[in-house]
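Asks: Submitted below is the structure of interest, expressed as structure tokens.
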Amino acid sequence: MSQDSGQPVDRSQALPPLAELIACHECDLLMHHPHIGEEQKACCPRCGYEMIVHRTQMRRRSLALAITALLLFIPANFLPIMSLNLLGQNAVDTVWSGVVGLYHSGMQPVALVVFLCSMLIPLLKLVCQLLVLLSMPFKAMRPLGIQLYRTYHHLREWGMLEVYLFGILVSIVKLIDLADLHLGVGMACFIAMMLAQVWLEVSMSPHQVWDALSEEEDGHART
């Protein structure tokens with residue numbers, strides 16, 4: 001992917017229209033909006049922050065990843081993550097059974113946090129991303145897409161699949177010498193869903209999304 005740097009604005013001259021300007025999110029340098037092609041990116045000439053990335057077939061790639069992650073959501077949360085055999089006692093655990101177990105053991109606040117951060121919010125994020133991608137070609141749906149994309153950005157801070165996965169891995173390391181431990185299909189689905197979500201966030205270039213949602217005419221934007 002080739003790289004370009006934005007051209008800083010000459011403050012001794014009259015400022016161009018706001019639509020032709022862009023400010024760096026890190027150092028607030030005001031620049032002329034760069035024009036980049038496919039598989040190119042524009043970085044701030046002062047601090048090097050990656051401001052704009054244009055990915056080829058962004059919408060199609062992102063749709064495929066969003067659908068993949070949604071298909072993996074149910075098996076990742078409701079199929080066994082691991083089975084544990086200790087002193088003749090066998091237990092099979094899923095993400096959902098962990099939430100239920102915390103609730104019935106008197107830790108309702110912890111169960112609520114785990115449910116929100118590991119199940120509900122990741123699902124809402126995926127639904128928002130899918131609806132945003134579906135709304136791009138249709139002018140009538142773009143205002144809804146804008147609201148959903150704003151909601152998605154608010155939800156990003158609360159999705160903690162990586163933290164939950166690290167907790168599972170720590171448990172495996174501690175229990176592997178004490179009991180007969182077997183990983184289930186749910187673990188593979190959980191890891192695959194997390195990787196699909198991470199790849200989806202990388203693929204959905206924010207500037208491409210906002211540009212597509214801001215198009216005035218019907219049809220496909222440059223996505």
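Going through the structure tokens in order, the chains are called A, B, and so on, while each chain numbers its residues from 1 and the ligands are numbered from 1 in the order shown.
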I'd like the neighbourhood of A:Gly48 as JSON, numbers by chain, where a residue qualifies if any of its atoms comes within 10 Å (using only C-alpha atoms), though same-chain residues fewer than 6 positions away should be ignored.
Replies: {"A": [5, 24, 26, 27, 42]}
Asks: Next, dump the selected residues to file, keeping only N, CA and C atoms, as a PDB file, in the first residue's frame.
Replies:
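What landed in result.pdb:
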```pdb
ATOM      1  N   SER A   5       1.372  12.059   1.975  1.00  0.00           N
ATOM      2  CA  SER A   5       1.270  12.970   3.102  1.00  0.00           C
ATOM      3  C   SER A   5       0.425  14.164   2.704  1.00  0.00           C
ATOM      4  N   CYS A  24      -5.541  16.623  11.443  1.00  0.00           N
ATOM      5  CA  CYS A  24      -4.990  15.407  12.025  1.00  0.00           C
ATOM      6  C   CYS A  24      -5.631  15.167  13.393  1.00  0.00           C
ATOM      7  N   GLU A  26      -4.411  13.507  15.803  1.00  0.00           N
ATOM      8  CA  GLU A  26      -3.412  13.423  16.858  1.00  0.00           C
ATOM      9  C   GLU A  26      -2.798  14.779  17.199  1.00  0.00           C
ATOM     10  N   CYS A  27      -2.352  15.530  16.187  1.00  0.00           N
ATOM     11  CA  CYS A  27      -1.632  16.786  16.458  1.00  0.00           C
ATOM     12  C   CYS A  27      -2.391  18.027  15.987  1.00  0.00           C
ATOM     13  N   ALA A  42      -3.066   8.182   3.411  1.00  0.00           N
ATOM     14  CA  ALA A  42      -2.504   9.513   3.636  1.00  0.00           C
ATOM     15  C   ALA A  42      -2.173   9.653   5.114  1.00  0.00           C
TER      16      ALA A  42
END
```
Asks: Residues within 9 Å of A:Arg156, please, as a count of residues only. Count only C-alpha atoms; anything in the same chain fewer than 4 positions from it doesn't count.
Replies: 6
Asks: Name all residues at most 12 Å from stretch 71-73 of chain A (count only C-alpha atoms; drop same-chain ones fewer than 6 positions away) and give them as a PyMOL selection string.
Replies: chain A and resi 64-65+79+95-96+118-127+161+185-197
Asks: According to DSSP computed on the backbone, where in stretch 13-121 of chain A is there strand (DSSP E)? Give the residues as an MDAnalysis selection string.
Replies: chainID A and resid 21:23 30:32 40:43 50:54 82:86 89:93
Asks: Have a look at atom CA of A:Leu148 and atom CA of A:Ser214 and let me know their distance in Å, one decimal.
Replies: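 Separation of atom CA of A:Leu148 and atom CA of A:Ser214: 13.8 Å.
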Asks: One decimal, Å: what's the distance from atom CA of A:Arg55 over to atom CA of A:Leu130, could you say?
Replies: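 Atom CA of A:Leu130 lies 17.5 Å from atom CA of A:Arg55.
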Asks: Have a look at A:Gln40, A:Asn85, A:Ser105, A:Gln147 and name the one nearest to A:Gln129; count only C-alpha atoms.
Replies: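 When distances to A:Gln129 are compared using only C-alpha atoms, the smallest one comes from A:Gln147.
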Asks: Calculated over only C-alpha atoms, which of the candidates A:Trp158, A:Glu20, A:Trp210, A:Arg61 has the smallest distance to A:Leu116?
Replies: A:Trp158
Asks: Would you please give, as an MDAnalysis selection string, all residues of stretch 63-107 of chain A that DSSP assigns to helix (DSSP H, G or I) based on the backbone?
Replies: chainID A and resid 63:78 95:104
Asks: So that I can check the surroundings of A:Ile146, please list as JSON, numbers by chain every protein, DNA and RNA residue that reaches within 12 Å of it, counting only C-alpha atoms and ignoring chain neighbours fewer than 6 positions away.
Replies: {"A": [128, 129, 131, 132, 133, 134, 135, 136, 139, 140, 152, 153, 206, 209, 210, 211, 212, 213, 214, 215]}
Asks: How many Å lie between atom CA of A:Gln57 and atom CA of A:Glu38, rounded to one decimal?
Replies: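 Computing it gives 9.1 Å between the two atoms.
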Asks: Could you tell me which of A:Ala66, A:Ile81, A:Val99, A:Ile36 comes closest to A:Val53 if we count only C-alpha atoms?
Replies: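 Answer, going by the shortest atom-to-atom distance: A:Ile36.
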